[in-house]
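Asker: Could you have a look at this structure, given as structure tokens, before my questions?
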Amino acid sequence: MQINEFIELIEGMPAAYIKPLNSIIISDTHLGYEGQMSVSGTLIPNRNLSFIEDIIEKAVIITGANRLIITGDLKNDFSDLKYYERKEVGELIEFCEKLSIKLILIKGNHDNYLDRIKNSYNVEIIKDYLLEKGFYITHGDELPKCSADTYIIGHEHPSIVIYRQVGNGEKMKAFLYGDTKDGNKLLVLPACSMFAPGSNINEEGKDELLSPFLKEICDVDNLNAICISENENLNFGKIKDLRNIIV
Amino acid sequence: MIKVLNKQYSDKESLKTLNPIVKNWFISKFKELTPPQKFSFKTIKDKKNVLITAPTGSGKTLSAFIPIINKLVELSINDVLNDEIKCLYISPLRALNNDIYKNLVLPIEDLYKTPELAEKKKITIGVRTGDTPQNERRKQFVHPPSIFVTTPESLAIMLNSPKFIQKFVNLEYVIVDELHELANSKRGSHLVVSLERLSDSIKHDFVRIGLSATIYPLDKAARFLVGTKRSCVVIDASWSKKINAKVISPVRDLIYTNESEIDTAMYNIIDNIVRKKRTTLIFTNTRSGTERLVFNLKKRFGYKDEEVSAHHGSLSREERFSVEENLKNGKLRCVVSSTSLELGIDIGSIDNVIQINSPKSITRALQRIGRSGHGFKDTANGDLIINNRDDLIECTVMLYDGLKRKLDSFTMPENPLDVLAQHIVGMGLNKIWDAKDAYNLIKKAYPFRNLDKKDFLGLIKYLAGEYVSLRERSVYGKIWFDNTSNKFGKRGRLTRLIYYTNIGTIPDEVAINVYIWGTKKKIGNIEEEFLEKLKKGDVFVLGGKVYKFQRSSAADCFVLPANGEKPNIPPWFSEQLPLSYELAVDIGKFRREFSSLINNMPKEKFVYNNQKEVPKKVKEYLISMPTDKNSIASIYEYMIEQTYFTGKVPSDKLILIEKTKYNDKEYTIFHSLFGRRVNDALSRVFAFILSDKIGEEIELVINDNGFALISNKKIADNTIKSVISSACNQDIRKIIKENIKRTEILRRRFRHAAARGLMILRNYKGHRIRVERQQINAQALLRIISEMDENFPILKEAYREIEEDVMDIVNASGILRGIKDKKIKYSIIETPIPSPFSHNLVTIGETDVISIKNKKEYVRQLHRLVMEKISEKQNANK
């Protein structure tokens, strides 16, 4: 789905393509989740990495991008770079090399100790944000350090839920897109990890939101929710219209 | 191999089996033998496996223990009674272990007062449960007791203690008490495999004695006890006590009498019975019902605290003990219970049992009524008080069947793979196994007699970690498995600890926190199972206040106060018991016979009239039924209303399909009286096929007497017919599987199965893992496993549990076969408003939704609806 002349939300995937940068952006992959679970006694087979690799590969084929930007929370553990994280991050880097796309990692709040990976791999890790051709790309846990035409963030794991008269609800991962208070654009990416179904933005109070981007520089109610379905994205309209809705 | 013992032995013959010392003591103590004892003494003396079923107060426990004590006394006389376990007694209840301890220790002490025994080594008794302190365990290890009392879970742990197993080498008897309780559940499946492992470990067999209250079928229960390879004698003394029972309708007209009048009439009847009798035991189906009843009896009739008490699982141990003590010493006039007093605790002298509302199964009704009558020569008295017409017919047929000794059968989980996973790990810890030997051993246990080799190997492979990559196997694997030698054994340092700390089959339930929406104010807890049933807007009572349900997350539920609104979810909703299949079919048969009686009578002009005389023929038919006068009139009216309204009465041979309108929706009501478990399966199959055919979402309502498919468009007769014929020609297991894939119940059952199957640990390295954490892990796991392999053993077990234990897919398939073979007919009618038989269904049935199969289509439909709704709102604002 083309949301403006520069940005395409790739159908059925939590990934955006930025034409002027010829880049795909994904966010919140949380690699190493399964490993962390196994340490606490739950035997979850590794699936997340191959799920994400699938998305990347398809997105590259569809768009012909030559860069992949992961905008934060590449890995899951705050306090360390665990061996299973190192292993999966390494595999992902090698995977991108094989696809001949340049990988740029922007650090998120889970990405402490990520720099250690530089000992083994030649990869670009950006601490705060990437600013290119008017696009300010960052994780989203801190306010922007300068003004830009379009902000692109992750961090929030947005999804929406629609309740039915008959009682059940359908939860869908969603992109959030709209204007900031200053008239710039904001795009929030849903989490790419298969283990993060997301938090329901249309049910959450504004003070419950995580990102200061959503709390301070825009009114979340005026953002559009673009939901990911099977092989397509559907714009469900503004958050304010999706609050307390039962269909 | 299973033989029912029909003839009891004479007292002389029975007593002859006892040593003179024991014999004299027994005669001086008990005067005569009770019915089960007349069968059991000789049978156990002859070292035969035996299943004894007998009512409460019939000396059942001693019927098993006297022959064993006799044997031990003989050893004692000959000075060969050693410190070793000769008899293992297993009971599902911890509290019961304490009880039996008292009831065993005292008689034995008494017996050893006999001068001939005074100098001899005494029979010792030890109790081991999860609560037994370490020093006591140590003592049991150094000086093993002659009779060892324990629970299935503690036994499973002992099985994996190589040193302790040595204490069992001369074991001769195993008693399994409350067999009816175990046979129904995974605890039982777990236990019978433990017994096979025990006899394998000590390299010889032992005499198995099963004690049970009313259970049916007996031969299946006996096989459950002894497994597939052994023989067993069945002693059926369950009819030795006379039963006197009837159904009471508190008022003459159950429809137009308002609720408070019915309540008042009911309490008056109860008060009347309680005052007339010495001690009355009242059963309600729920805990909240128990509380309500106690409260009302005290308030309305001024009973004092020490005269009327509640007894249920959420009371503290001390409170329960004090109630039980007061019962035994006769201080209490009346005790009210949900299920806790259904089982074996010796509760002294109860004159009369009252059951409020239908107990839903013949066996349960008899078990409860059978709690009255002190000795084996007394009569058990029971009154079933009902408050609606479906319950009325249900209870009438129930008692009619029960008094004729026709019972409903128990349902035993077949091949529960999660339970098996625990045992395979346990077996691996003990030694290196040839997979084939292990398979053959497990198959000896009755629940696993049909265990598929593929499933067994699937489990072995899962436990050996073969579903993860080689490198991670050391972390995940609990056993190693070598494909070429076909052997397996333990793996990993932590496995033994994991086994000890995670064993058992009772899942951790999540207590859901209830908050006022938009605040952090917590107002209480509800059960997870209750939450599952709630949908947005439902009104329910919590802690005496009324709330409206808004939404829920993993472990939280958000509500808004709804003062003054009428609750639409009764508090007992989640606890309601399903009607047994056999009883349901018999009620159908009753309806059929009754309606043919009415149809053969001249048709009268119908006026709803309380004073209408019940025709003589009807009276004659009903007089043999265990009901009162009010009930006869109510049954007649209910049946005649339905007959006149629809022309046809649904029965065991006829499914009436009624198309009608209710609350602006189209209802297609299937009057299929086969019990909720069968209807749950049938309705999902029909709804699934229908939804696919008409491309619309279908809402479901289900209860014991039928189900309704609810849609926006009216369903054409031809569509209904083609749905039914399509259901008759498909693998319904597949449809149901597809159907429950994305449901909350699968998520929950999977979590339980994964915890039992040691996939999600409840305790890791000595730390308890919070249930909420388990739940989040289970969700992630479920997503991956179902994508990976639909036949993954633990996932398969979660599906099986829903299909066979929650629903009844076996009998549902039987019904469809019946329709196909034209043994069960169906007939479609249209009514302007719901017919009398459907009233309870449309108002308080359980609801669910069958979504459109294609996810993409579904999301598009959702999108369209949302857009419509938004423009609707915007137009309204303009």
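Numbering starts fresh at 1 for the residues of each chain in the structure tokens, the chains themselves are lettered A, B, ... in the order given, and ligands are numbered from 1 as they appear.
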Find the residues of chain A in contact range of chain B, meaning any atom within 6 Å when counting only C-alpha atoms, and list them as a ChimeraX atom specification.

Answerer: /A:41-45,167,230

Asker: Show me, as a PyMOL selection string, the residues that have an atom within 9 Å of range 798-811 of chain B when counting only C-alpha atoms, minus same-chain residues fewer than 2 positions from it.

Answerer: chain B and resi 411-414+416+418+581+674+676-682+732-733+736-737+740-741+745-754+793-796+813-816

Asker: So which residues touch Leu417 in chain B within 8 Å, counting only C-alpha atoms, skipping near sequence neighbours fewer than 4 positions away, as a list in words?

Answerer: Ala421, Asp455, Leu459, Gly757, Pro793, Ile794 and Glu797 of chain B

Asker: Would you mind exporting the chosen residues as a short mmCIF file (atom, residue, chain, number, x, y, z; two decimals), in the first residue's frame, restricted to N, CA and C atoms?

Answerer:
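Wrote result.cif, looks like this:
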```cif
data_model
loop_
_atom_site.label_atom_id
_atom_site.label_comp_id
_atom_site.auth_asym_id
_atom_site.auth_seq_id
_atom_site.Cartn_x
_atom_site.Cartn_y
_atom_site.Cartn_z
N ALA B 421 4.05 -38.62 28.86
CA ALA B 421 5.34 -37.92 28.77
C ALA B 421 6.04 -37.94 30.13
N ASP B 455 2.38 -42.59 18.07
CA ASP B 455 2.26 -41.56 19.11
C ASP B 455 3.33 -41.75 20.18
N LEU B 459 6.29 -39.13 21.09
CA LEU B 459 6.59 -38.62 22.43
C LEU B 459 8.07 -38.79 22.76
N GLY B 757 2.98 -32.24 30.15
CA GLY B 757 3.93 -32.92 29.28
C GLY B 757 5.35 -32.39 29.42
N PRO B 793 2.83 -34.46 19.65
CA PRO B 793 2.06 -35.19 20.67
C PRO B 793 1.31 -34.30 21.67
N ILE B 794 1.95 -33.26 22.16
CA ILE B 794 1.32 -32.46 23.21
C ILE B 794 0.16 -31.65 22.63
N GLU B 797 -2.70 -33.95 22.11
CA GLU B 797 -3.39 -34.23 23.37
C GLU B 797 -4.35 -33.09 23.74
#
```

Asker: According to DSSP computed on the backbone, where in range 55-135 of chain A is there strand (DSSP E or B)? Give the residues as a ChimeraX atom specification.

Answerer: /A:67-71,75,102-106,124-126,129-132,135

Asker: Write the selection just made, keeping C-alpha atoms, as a compact mmCIF listing (two decimals), in the first residue's frame?

Answerer:
```txt
# COMPACT_ATOMS: atom_id res chain seq x y z
CA ARG A 67 19.47 -1.43 2.19
CA LEU A 68 17.76 -2.84 5.25
CA ILE A 69 17.30 -0.60 8.26
CA ILE A 70 16.26 -2.22 11.53
CA THR A 71 15.08 0.54 13.76
CA LYS A 75 17.44 -8.43 20.19
CA LYS A 102 23.50 -3.27 3.33
CA LEU A 103 22.33 -3.68 6.90
CA ILE A 104 21.99 -0.68 9.20
CA LEU A 105 21.15 -1.25 12.82
CA ILE A 106 19.69 1.55 14.92
CA GLU A 124 26.96 -0.27 10.92
CA ILE A 125 25.38 0.34 14.33
CA ILE A 126 23.81 3.75 14.92
CA TYR A 129 18.99 8.09 14.78
CA LEU A 130 19.53 8.19 11.06
CA LEU A 131 18.65 11.40 9.23
CA GLU A 132 18.63 11.23 5.45
CA PHE A 135 13.59 11.05 6.99
```

Asker: Counting only C-alpha atoms, what is within 9 Å of Asn563 in chain B, bar same-chain residues fewer than 6 positions away, as a list in words?

Answerer: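 After dropping sequence-adjacent residues, the list is Lys545, Val546 and Tyr547 of chain B.
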
Asker: Excluding range 478-493 of chain B and its own-chain neighbours fewer than 6 positions away, which residues fall within 8 Å of it when counting only C-alpha atoms? Please give them as an NGL selection string.

Answerer: :B and (425 or 427-436 or 460-461 or 463-465)

Asker: The selected residues should be written to file as an mmCIF file, in the first residue's frame (atoms: C-alpha atoms).

Answerer:
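File written: selection-v9.cif
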```cif
data_model
loop_
_atom_site.group_PDB
_atom_site.id
_atom_site.type_symbol
_atom_site.label_atom_id
_atom_site.label_comp_id
_atom_site.auth_asym_id
_atom_site.auth_seq_id
_atom_site.Cartn_x
_atom_site.Cartn_y
_atom_site.Cartn_z
ATOM 1 C CA VAL B 425 10.868 -39.206 31.629
ATOM 2 C CA MET B 427 11.272 -44.372 33.362
ATOM 3 C CA GLY B 428 14.315 -42.911 31.644
ATOM 4 C CA LEU B 429 15.553 -41.650 35.003
ATOM 5 C CA ASN B 430 15.455 -45.150 36.455
ATOM 6 C CA LYS B 431 17.363 -47.088 33.837
ATOM 7 C CA ILE B 432 18.094 -47.504 30.157
ATOM 8 C CA TRP B 433 15.022 -48.839 28.395
ATOM 9 C CA ASP B 434 14.452 -50.694 25.216
ATOM 10 C CA ALA B 435 11.687 -48.601 23.632
ATOM 11 C CA LYS B 436 9.777 -51.738 22.777
ATOM 12 C CA ILE B 460 10.000 -40.250 22.731
ATOM 13 C CA LYS B 461 11.290 -38.023 19.970
ATOM 14 C CA LEU B 463 11.291 -35.764 24.889
ATOM 15 C CA ALA B 464 14.634 -36.485 23.266
ATOM 16 C CA GLY B 465 14.482 -32.956 21.875
#
```

Asker: Please identify all polymer residues within 10 Å of Asn357 in chain B, counting only C-alpha atoms, omitting same-chain residues fewer than 5 positions from it, and present them as a PyMOL selection string.

Answerer: chain B and resi 247+283-285+384-388+391-392+394-395

Asker: List the spatial neighbours of Ala65 in chain A as a PDB file with N, CA and C atoms, in the first residue's frame - criterion: any atom at most 9 Å away, only C-alpha atoms, same-chain residues fewer than 5 positions off excluded.

Answerer:
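And here is the file that came out, result-v2.pdb:
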```
ATOM      1  N   TYR A  17       8.824   0.390   2.767  1.00  0.00           N
ATOM      2  CA  TYR A  17       9.863   0.672   1.774  1.00  0.00           C
ATOM      3  C   TYR A  17       9.928   2.177   1.550  1.00  0.00           C
ATOM      4  N   ILE A  18      11.120   2.760   1.731  1.00  0.00           N
ATOM      5  CA  ILE A  18      11.289   4.198   1.546  1.00  0.00           C
ATOM      6  C   ILE A  18      12.005   4.412   0.217  1.00  0.00           C
ATOM      7  N   LYS A  19      11.275   4.922  -0.734  1.00  0.00           N
ATOM      8  CA  LYS A  19      11.783   5.003  -2.097  1.00  0.00           C
ATOM      9  C   LYS A  19      13.047   5.874  -2.230  1.00  0.00           C
ATOM     10  N   LEU A  21      15.304   6.500  -0.277  1.00  0.00           N
ATOM     11  CA  LEU A  21      16.479   5.886   0.354  1.00  0.00           C
ATOM     12  C   LEU A  21      16.753   4.500  -0.220  1.00  0.00           C
ATOM     13  N   ASN A  22      15.860   4.038  -1.084  1.00  0.00           N
ATOM     14  CA  ASN A  22      15.882   2.659  -1.590  1.00  0.00           C
ATOM     15  C   ASN A  22      16.116   1.651  -0.448  1.00  0.00           C
ATOM     16  N   SER A  23      15.370   1.862   0.643  1.00  0.00           N
ATOM     17  CA  SER A  23      15.598   1.046   1.845  1.00  0.00           C
ATOM     18  C   SER A  23      14.305   0.427   2.366  1.00  0.00           C
ATOM     19  N   ILE A  24      14.475  -0.760   2.927  1.00  0.00           N
ATOM     20  CA  ILE A  24      13.372  -1.378   3.670  1.00  0.00           C
ATOM     21  C   ILE A  24      13.613  -1.106   5.147  1.00  0.00           C
ATOM     22  N   ALA A  59      10.502  -8.908   0.794  1.00  0.00           N
ATOM     23  CA  ALA A  59      10.451  -7.457   0.640  1.00  0.00           C
ATOM     24  C   ALA A  59      11.520  -6.974  -0.342  1.00  0.00           C
ATOM     25  N   VAL A  60      12.694  -7.591  -0.273  1.00  0.00           N
ATOM     26  CA  VAL A  60      13.776  -7.201  -1.196  1.00  0.00           C
ATOM     27  C   VAL A  60      13.394  -7.542  -2.627  1.00  0.00           C
ATOM     28  N   ILE A 101      22.419  -6.927   0.483  1.00  0.00           N
ATOM     29  CA  ILE A 101      21.862  -5.651   0.923  1.00  0.00           C
ATOM     30  C   ILE A 101      22.643  -5.169   2.131  1.00  0.00           C
TER      31      ILE A 101
END
```

Asker: So, counting only C-alpha atoms, which residue among A:Glu91, A:Glu216, A:Asp54, A:Asp111 is closest to Phe78 in chain A?

Answerer: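 Checking each candidate against Phe78 in chain A, we get A:Asp111 as the closest.
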
Asker: How many Å lie between CA of Lys133 in chain A and CA of Ser147 in chain A, rounded to one decimal?

Answerer: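 CA of Ser147 in chain A lies 12.2 Å from CA of Lys133 in chain A.
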
Asker: May I ask which of the residues B:Lys276, B:Cys557, B:Glu872, B:Ser240 is the closest one to Phe376 in chain B, counting only C-alpha atoms?

Answerer: B:Ser240

Asker: Go through range 38-132 of chain A and collect every residue that DSSP, computed from the backbone, puts in alpha helix (DSSP H); the answer should be as an MDAnalysis selection string.

Answerer: chainID A and resid 38:39 48:63 83:98

Asker: For a test of reading the model, state the distance in Å between CA of Asp99 in chain B and CA of Thr61 in chain B, rounded to one decimal.

Answerer: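 Atom-to-atom, CA of Asp99 in chain B to CA of Thr61 in chain B, that is 11.4 Å.
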
Asker: Check the smallest atom-to-atom distance from each of B:Ile243, B:Leu577, B:Val226, B:Val323 to Asp351 in chain B using only C-alpha atoms, then report the winner.

Answerer: B:Ile243

Asker: Calculated over only C-alpha atoms, which of the candidates A:Asn46, A:Glu85, A:Ile117, A:Ile245 has the smallest distance to Gly169 in chain A?

Answerer: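 The closest residue to Gly169 in chain A is A:Ile245.
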